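Here is the structure we will look at.
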Amino acid sequence: MKVRYALALPGRITALAAVLLLVCLAAIPLAAACGGEEEKAPTGTPKATATGTARPTVAATGTAKPTVAATGTAKPTAAATGTARPTAAATGTTEPTAAATATAKPAAEAPGITDTEIILGVDNILSGAMGAVYKTITDATRAYFDYVNDTQGGVCGRKIVYKIEDNQDDPAKGLEAVRKLVEQDKVFAIVGSLGDSPHPAVYDYLNENSVPDILCSAGTSMFGADPEGHPWTIQMIPSYRNEGRFFGQYISENLPGKKVAVLYPNIQQGYDHLQGIKDGLDPEKNKIVSEQTYEVTAVSISSQVSNMKSSGAEVVTTITTPGYTAQAISQADRLGWHPQWFLAYINSDEMLFQFVQPATLLNGAISDQALKLAPWTDDPAIAKHHEIMRDYNGPTPSNFTVYAQTLGEVAVAALGMTCDNLTREGLMDALESMKDWHSDLFLDDVNVSFSETDHTGLESGHMLRAVVENGTGRWEYFGPLLVYD
């Protein structure tokens, strides 16, 4: 397995969105970023604003192919204790349509399937400091399902019902929420489960009970790396380890000789990022001079920033969420230190320019994404997304909601391929048969594919650069397509 650079992004950039981005507004750390009053909580959360700006017409610049490939990830050897999935072939086509409009057949012998409904469920972080942000993802997916129900009669002649439970970002609460969905609500599948901390317990339970755990919004690599041991789990968002590889290779190709620091939370998400950076860097070109961790409950990360500055680092990669990102960049500025920042995709939303003040401190920061940006309303797909969110009681369009709709689109496409075999096995077989599936909300050269041995959806994307002009910030794509294969 290696990371490769593919062809440059052609013509106008129909770019970005997503994926979990600001996956945390981290109220406490954001307060610490503002004016140095680190103990005060923020008085409010900036609202995501979709201002309807036109897409930039800048052409991709392209970069040379890295000379060193990242090493592959060994597949975990521990297998789930549940029953292995049958290997029957999928009955759908490999080019699913947006939704199946066939007349409903009698209900299949599967939980969550009736003559009139397909009942799906999801656990998400709906409470606490991050709840308001995460909630927009499941609310947007629900709005898309309502749109499909209204305009296409649902899928396979049945309306989609989407039951949402709060996992409180806690493993025990997450398992409790999913057990309710499976054992009481009798859902057909869990679609879009969100949260890296709750999901390990959730995905073990679902695999042990042969319940589809599809398109999960958790980026820790383990959730897509074990299709043999956890055959019922399929990951939608990019792996944090793969993203780290992209960053590492880019640094060695474009910033050789620069000293690198890595800032990450003391959880599996952070370990994935660090390992990805190490996988991607050419040790002959770049050295990691500082590895700084922090607890996700920390009020301040000032000491970690000071340590990175003292190490002589000229480049910082981080998988911090936006509140901590804002604090780190602001603290570095107070110290008179301005390294090249590489920010995980959970930061690549316009909202970050509200968090970091002055916004000019973000100028030149680099991130990555695979989808189109919510403000690019001159793009027909983005314009339609805004319409769906407005008409079906969805949240204010943002990069979160664009991602959420693509998740819903993949789910509807897979369900549409199972109309003649509307079973849990049939759903998994349909997903594993999807190859080079494309949403109009993806970048033009981004697709998702799954197979029996590949359970991660988004495995390609482009780099983004923060551009600040007249105090207003935006993200712009540049360079060739990055592909992990």
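Going by the structure tokens order, chains are called A, B, ..., each with residues numbered from 1, while ligands are numbered from 1 in the order shown.
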
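By only C-alpha atoms, and with residues fewer than 4 positions from Thr360 in chain A along its chain excluded, the set lying at most 10 Å from it is Phe353, Val356, Gly364, Ala466, Val467, Val468, Glu469, Asn470, Gly471, Thr472 and Gly473 of chain A.
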
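The spacing separating CA of Asp146 in chain A from CA of Leu458 in chain A amounts to 24.4 Å.
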
Per-residue nearest contacts of range 228-267 of chain A to range 317-332 of chain A (12 Å; only C-alpha atoms) as a tab-separated table:
```
residue	atom	partner	partner_atom	distance
A:Ser239	CA	A:Ile319	CA	11.8
A:Tyr240	CA	A:Ile319	CA	8.3
A:Arg241	CA	A:Ile319	CA	10.4
A:Glu243	CA	A:Ile319	CA	9.8
A:Gly244	CA	A:Thr317	CA	8.4
A:Arg245	CA	A:Thr317	CA	11.2
A:Phe246	CA	A:Thr317	CA	11.2
A:Phe247	CA	A:Thr317	CA	7.7
A:Gly248	CA	A:Thr317	CA	8.8
A:Tyr250	CA	A:Thr317	CA	11.4
A:Ile251	CA	A:Thr317	CA	9.8
A:Lys259	CA	A:Thr317	CA	11.1
A:Val260	CA	A:Thr317	CA	7.6
A:Ala261	CA	A:Thr317	CA	6.5
A:Val262	CA	A:Thr317	CA	5.0
A:Leu263	CA	A:Thr318	CA	4.8
A:Tyr264	CA	A:Ile319	CA	5.5
A:Pro265	CA	A:Thr320	CA	6.8
A:Asn266	CA	A:Thr320	CA	10.6
A:Ile267	CA	A:Ile319	CA	10.9
```

Need the shell around range 183-186 of chain A: protein/DNA/RNA residues with any atom at most 10 Å away, counting only C-alpha atoms. Skip same-chain ones fewer than 4 positions apart. Format as a PyMOL selection string? chain A and resi 110-113+119-121+163+178-179

Next, the residues of the selection above should be written as an mmCIF file, in the first residue's frame with C-alpha atoms.
```
data_model
loop_
_atom_site.group_PDB
_atom_site.id
_atom_site.type_symbol
_atom_site.label_atom_id
_atom_site.label_comp_id
_atom_site.auth_asym_id
_atom_site.auth_seq_id
_atom_site.Cartn_x
_atom_site.Cartn_y
_atom_site.Cartn_z
ATOM 1 C CA ALA A 110 -35.029 -8.665 8.169
ATOM 2 C CA PRO A 111 -35.429 -6.339 11.152
ATOM 3 C CA GLY A 112 -36.358 -2.785 10.209
ATOM 4 C CA ILE A 113 -38.016 -3.708 6.911
ATOM 5 C CA ILE A 119 -35.863 1.869 9.492
ATOM 6 C CA LEU A 120 -32.278 3.062 9.901
ATOM 7 C CA GLY A 121 -30.511 4.323 13.010
ATOM 8 C CA LYS A 163 -33.790 7.236 14.218
ATOM 9 C CA VAL A 178 -26.936 1.477 19.759
ATOM 10 C CA ARG A 179 -28.358 -1.419 21.761
#
```
